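Data first, discussion second: the structure below is written as structure tokens.
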Amino acid sequence: MGVDFGERRTGVALSDPTGTLASPLQTIRRRPGQRLPVTALESLARVHNVTAIVVGVPLSLRGADTEWTRRVRTAGEELARRLQVPVGFVDERFTSVQAERAIRAAGHTLGEPEHRARVDRVAAAVILQTWLDRRSDEVR
């Protein structure tokens, strides 16, 4: 399961059973200031029999950790602990740009009301696909 934590929305993606292809699943909304949706993600992971968690890490443009990065890492580790599955972290810089390009390529316009939520779901799929591809390369 791929996770793209955000201040207002968290994008979620799943892979196919073979661990080859990532697909957007849903977006979890939250109000700023509320806790990250670890419990909601745990429920989703249990329903979908998730065997690993991949979390996008929001590094600064220089590649350094920030306070938000630390919060995201802590949430990912907590989710993995609750589910007793491994957690991986992937640099999420520019995944929203990749997601927007993919959405445009699919024929969706940027003015649609659901656009931001769609971007978050697709960004989670980009994060998960990056991890799946790296894992595949390591096996070769």
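Labels used: A, B, ... for chains in the order of the structure tokens, numbers from 1 for residues in each chain, and numbers from 1 for ligands as shown.
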Step one, run DSSP on the backbone; step two, keep only residues of chain A assigned to helix (DSSP H, G or I); then write them as number ranges by chain. A: 38-47, 67-83, 95-105, 115-139
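The strand (DSSP E) portion of range 7-129 of chain A consists of Arg9, Thr10, Gly11, Val12, Ala13, Leu14, Ser15, Ala22, Ser23, Pro24, Leu25, Gln26, Thr27, Ile28, Arg29, Ile53, Val54, Val55, Gly56, Val57, Val87, Gly88, Phe89, Val90 and Asp91 of chain A, with states taken from DSSP on the backbone.
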Name all residues at most 9 Å from Leu128 in chain A (count only C-alpha atoms; drop same-chain ones fewer than 3 positions away) and give them as a list in words.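 Surrounding residues, per the criterion: Met1, Gly2, Val3, Ala13, Leu14, Ser15, Leu21, Ala22, Ser23, Ile53, Val54, Val55, Gly56, Val90, Ala123, Ala124, Ala125, Trp131, Leu132 and Asp133 of chain A.
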Would you export the selected residues with all heavy atoms as a short mmCIF file (atom, residue, chain, number, x, y, z; two decimals), in the first residue's frame, please?
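Wrote it out as out.cif, contents follow:
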data_model
loop_
_atom_site.label_atom_id
_atom_site.label_comp_id
_atom_site.auth_asym_id
_atom_site.auth_seq_id
_atom_site.Cartn_x
_atom_site.Cartn_y
_atom_site.Cartn_z
N MET A 1 0.85 -1.18 0.00
CA MET A 1 0.00 0.00 0.00
C MET A 1 0.89 1.24 0.00
O MET A 1 1.80 1.35 0.82
CB MET A 1 -0.91 0.01 1.24
CG MET A 1 -1.85 1.18 1.28
SD MET A 1 -3.15 1.05 2.54
CE MET A 1 -2.28 1.56 3.99
N GLY A 2 0.65 2.13 -0.92
CA GLY A 2 1.37 3.40 -0.99
C GLY A 2 0.58 4.49 -0.32
O GLY A 2 -0.65 4.54 -0.45
N VAL A 3 1.28 5.37 0.39
CA VAL A 3 0.62 6.45 1.14
C VAL A 3 1.31 7.77 0.86
O VAL A 3 2.54 7.87 0.95
CB VAL A 3 0.65 6.16 2.66
CG1 VAL A 3 -0.04 7.29 3.43
CG2 VAL A 3 0.02 4.82 2.98
N ALA A 13 -2.78 4.19 -2.45
CA ALA A 13 -2.71 3.35 -3.65
C ALA A 13 -2.42 1.91 -3.23
O ALA A 13 -1.87 1.67 -2.15
CB ALA A 13 -1.62 3.86 -4.58
N LEU A 14 -2.77 0.99 -4.10
CA LEU A 14 -2.49 -0.43 -3.88
C LEU A 14 -1.80 -1.00 -5.11
O LEU A 14 -1.97 -0.48 -6.21
CB LEU A 14 -3.78 -1.21 -3.63
CG LEU A 14 -4.56 -0.92 -2.37
CD1 LEU A 14 -5.86 -1.69 -2.36
CD2 LEU A 14 -3.74 -1.25 -1.13
N SER A 15 -1.09 -2.09 -4.90
CA SER A 15 -0.52 -2.79 -6.05
C SER A 15 -1.40 -3.96 -6.41
O SER A 15 -2.25 -4.40 -5.63
CB SER A 15 0.90 -3.27 -5.75
OG SER A 15 0.88 -4.38 -4.90
N LEU A 21 2.18 -3.60 -10.49
CA LEU A 21 1.56 -2.35 -10.93
C LEU A 21 0.80 -1.68 -9.79
O LEU A 21 -0.05 -2.31 -9.15
CB LEU A 21 0.60 -2.64 -12.09
CG LEU A 21 -0.09 -1.45 -12.73
CD1 LEU A 21 0.95 -0.54 -13.39
CD2 LEU A 21 -1.09 -1.93 -13.75
N ALA A 22 1.08 -0.40 -9.57
CA ALA A 22 0.39 0.38 -8.55
C ALA A 22 -0.80 1.11 -9.17
O ALA A 22 -0.71 1.60 -10.30
CB ALA A 22 1.34 1.40 -7.93
N SER A 23 -1.90 1.17 -8.41
CA SER A 23 -3.10 1.88 -8.86
C SER A 23 -3.65 2.74 -7.73
O SER A 23 -3.65 2.32 -6.58
CB SER A 23 -4.18 0.88 -9.26
OG SER A 23 -3.75 0.08 -10.33
N ILE A 53 3.95 -1.44 3.61
CA ILE A 53 3.54 -0.04 3.52
C ILE A 53 4.68 0.74 2.88
O ILE A 53 5.85 0.55 3.25
CB ILE A 53 3.25 0.57 4.91
CG1 ILE A 53 2.22 -0.25 5.68
CG2 ILE A 53 2.85 2.04 4.81
CD1 ILE A 53 0.84 -0.19 5.12
N VAL A 54 4.35 1.62 1.94
CA VAL A 54 5.35 2.50 1.33
C VAL A 54 4.84 3.92 1.50
O VAL A 54 3.75 4.26 1.06
CB VAL A 54 5.55 2.19 -0.16
CG1 VAL A 54 6.61 3.10 -0.76
CG2 VAL A 54 5.91 0.72 -0.36
N VAL A 55 5.64 4.74 2.17
CA VAL A 55 5.23 6.10 2.50
C VAL A 55 6.12 7.10 1.76
O VAL A 55 7.34 6.96 1.75
CB VAL A 55 5.34 6.34 4.03
CG1 VAL A 55 4.99 7.78 4.38
CG2 VAL A 55 4.44 5.36 4.78
N GLY A 56 5.48 8.08 1.15
CA GLY A 56 6.23 9.16 0.51
C GLY A 56 6.79 10.09 1.57
O GLY A 56 6.06 10.53 2.46
N VAL A 90 9.94 6.47 0.38
CA VAL A 90 10.36 6.91 -0.93
C VAL A 90 10.30 8.43 -0.97
O VAL A 90 9.33 9.03 -0.50
CB VAL A 90 9.42 6.32 -2.02
CG1 VAL A 90 9.71 6.92 -3.39
CG2 VAL A 90 9.52 4.80 -2.06
N ALA A 123 -0.52 10.45 -6.89
CA ALA A 123 0.82 10.62 -6.30
C ALA A 123 1.17 9.42 -5.42
O ALA A 123 2.31 8.94 -5.43
CB ALA A 123 0.89 11.92 -5.50
N ALA A 124 0.19 8.90 -4.68
CA ALA A 124 0.44 7.69 -3.87
C ALA A 124 0.79 6.52 -4.77
O ALA A 124 1.67 5.71 -4.44
CB ALA A 124 -0.79 7.36 -3.01
N ALA A 125 0.15 6.43 -5.93
CA ALA A 125 0.47 5.35 -6.88
C ALA A 125 1.87 5.54 -7.45
O ALA A 125 2.60 4.55 -7.63
CB ALA A 125 -0.57 5.30 -8.00
N TRP A 131 8.69 2.37 -5.60
CA TRP A 131 9.18 1.32 -4.69
C TRP A 131 9.11 -0.05 -5.34
O TRP A 131 10.06 -0.84 -5.25
CB TRP A 131 8.37 1.37 -3.40
CG TRP A 131 8.82 0.42 -2.35
CD1 TRP A 131 9.86 0.59 -1.48
CD2 TRP A 131 8.25 -0.85 -2.05
NE1 TRP A 131 9.96 -0.50 -0.65
CE2 TRP A 131 8.98 -1.39 -0.98
CE3 TRP A 131 7.18 -1.57 -2.58
CZ2 TRP A 131 8.68 -2.64 -0.42
CZ3 TRP A 131 6.88 -2.80 -2.04
CH2 TRP A 131 7.62 -3.33 -0.97
N LEU A 132 8.01 -0.34 -6.03
CA LEU A 132 7.87 -1.64 -6.70
C LEU A 132 8.94 -1.81 -7.77
O LEU A 132 9.54 -2.89 -7.90
CB LEU A 132 6.48 -1.76 -7.34
CG LEU A 132 5.28 -1.86 -6.40
CD1 LEU A 132 3.98 -1.73 -7.19
CD2 LEU A 132 5.32 -3.15 -5.61
N ASP A 133 9.21 -0.75 -8.53
CA ASP A 133 10.23 -0.82 -9.58
C ASP A 133 11.61 -1.04 -9.00
O ASP A 133 12.40 -1.82 -9.53
CB ASP A 133 10.20 0.44 -10.44
CG ASP A 133 8.95 0.56 -11.29
OD1 ASP A 133 8.20 -0.45 -11.42
OD2 ASP A 133 8.70 1.67 -11.82
#
What's the separation between CA of Thr10 in chain A and CA of Ala117 in chain A, in Å to one decimal place? 8.3 Å
Would you mind telling me which residue in A:Leu25, A:Arg62, A:Thr51, A:Pro17 lies nearest to Asp120 in chain A when using only C-alpha atoms? A:Leu25
Measuring atom to atom with only C-alpha atoms, identify which of A:Ile127, A:Ala105, A:Val12, A:Val122 is nearest to Val38 in chain A. A:Val12
Have a look at A:Arg73, A:Arg31, A:Arg93, A:Arg101 and name the one nearest to Leu59 in chain A; count only C-alpha atoms. A:Arg93
Looking at only C-alpha atoms, which of A:Thr39, A:Asp91, A:Val50, A:Val85 is the one that sits closest to Gly63 in chain A?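 Among A:Thr39, A:Asp91, A:Val50, A:Val85, it is A:Asp91 that comes nearest to Gly63 in chain A.
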Restricting the calculation to only C-alpha atoms: of A:Ile28, A:Ala102, A:Val47, A:Ala64, which residue gets closest to Asp4 in chain A? A:Ile28
Go ahead and compute the interatomic distance for CA of Thr27 in chain A and CA of Glu7 in chain A, in Å to one decimal. 12.3 Å
Gap from CA of Arg135 in chain A to CA of Gln26 in chain A - Å, one decimal: 23.8 Å
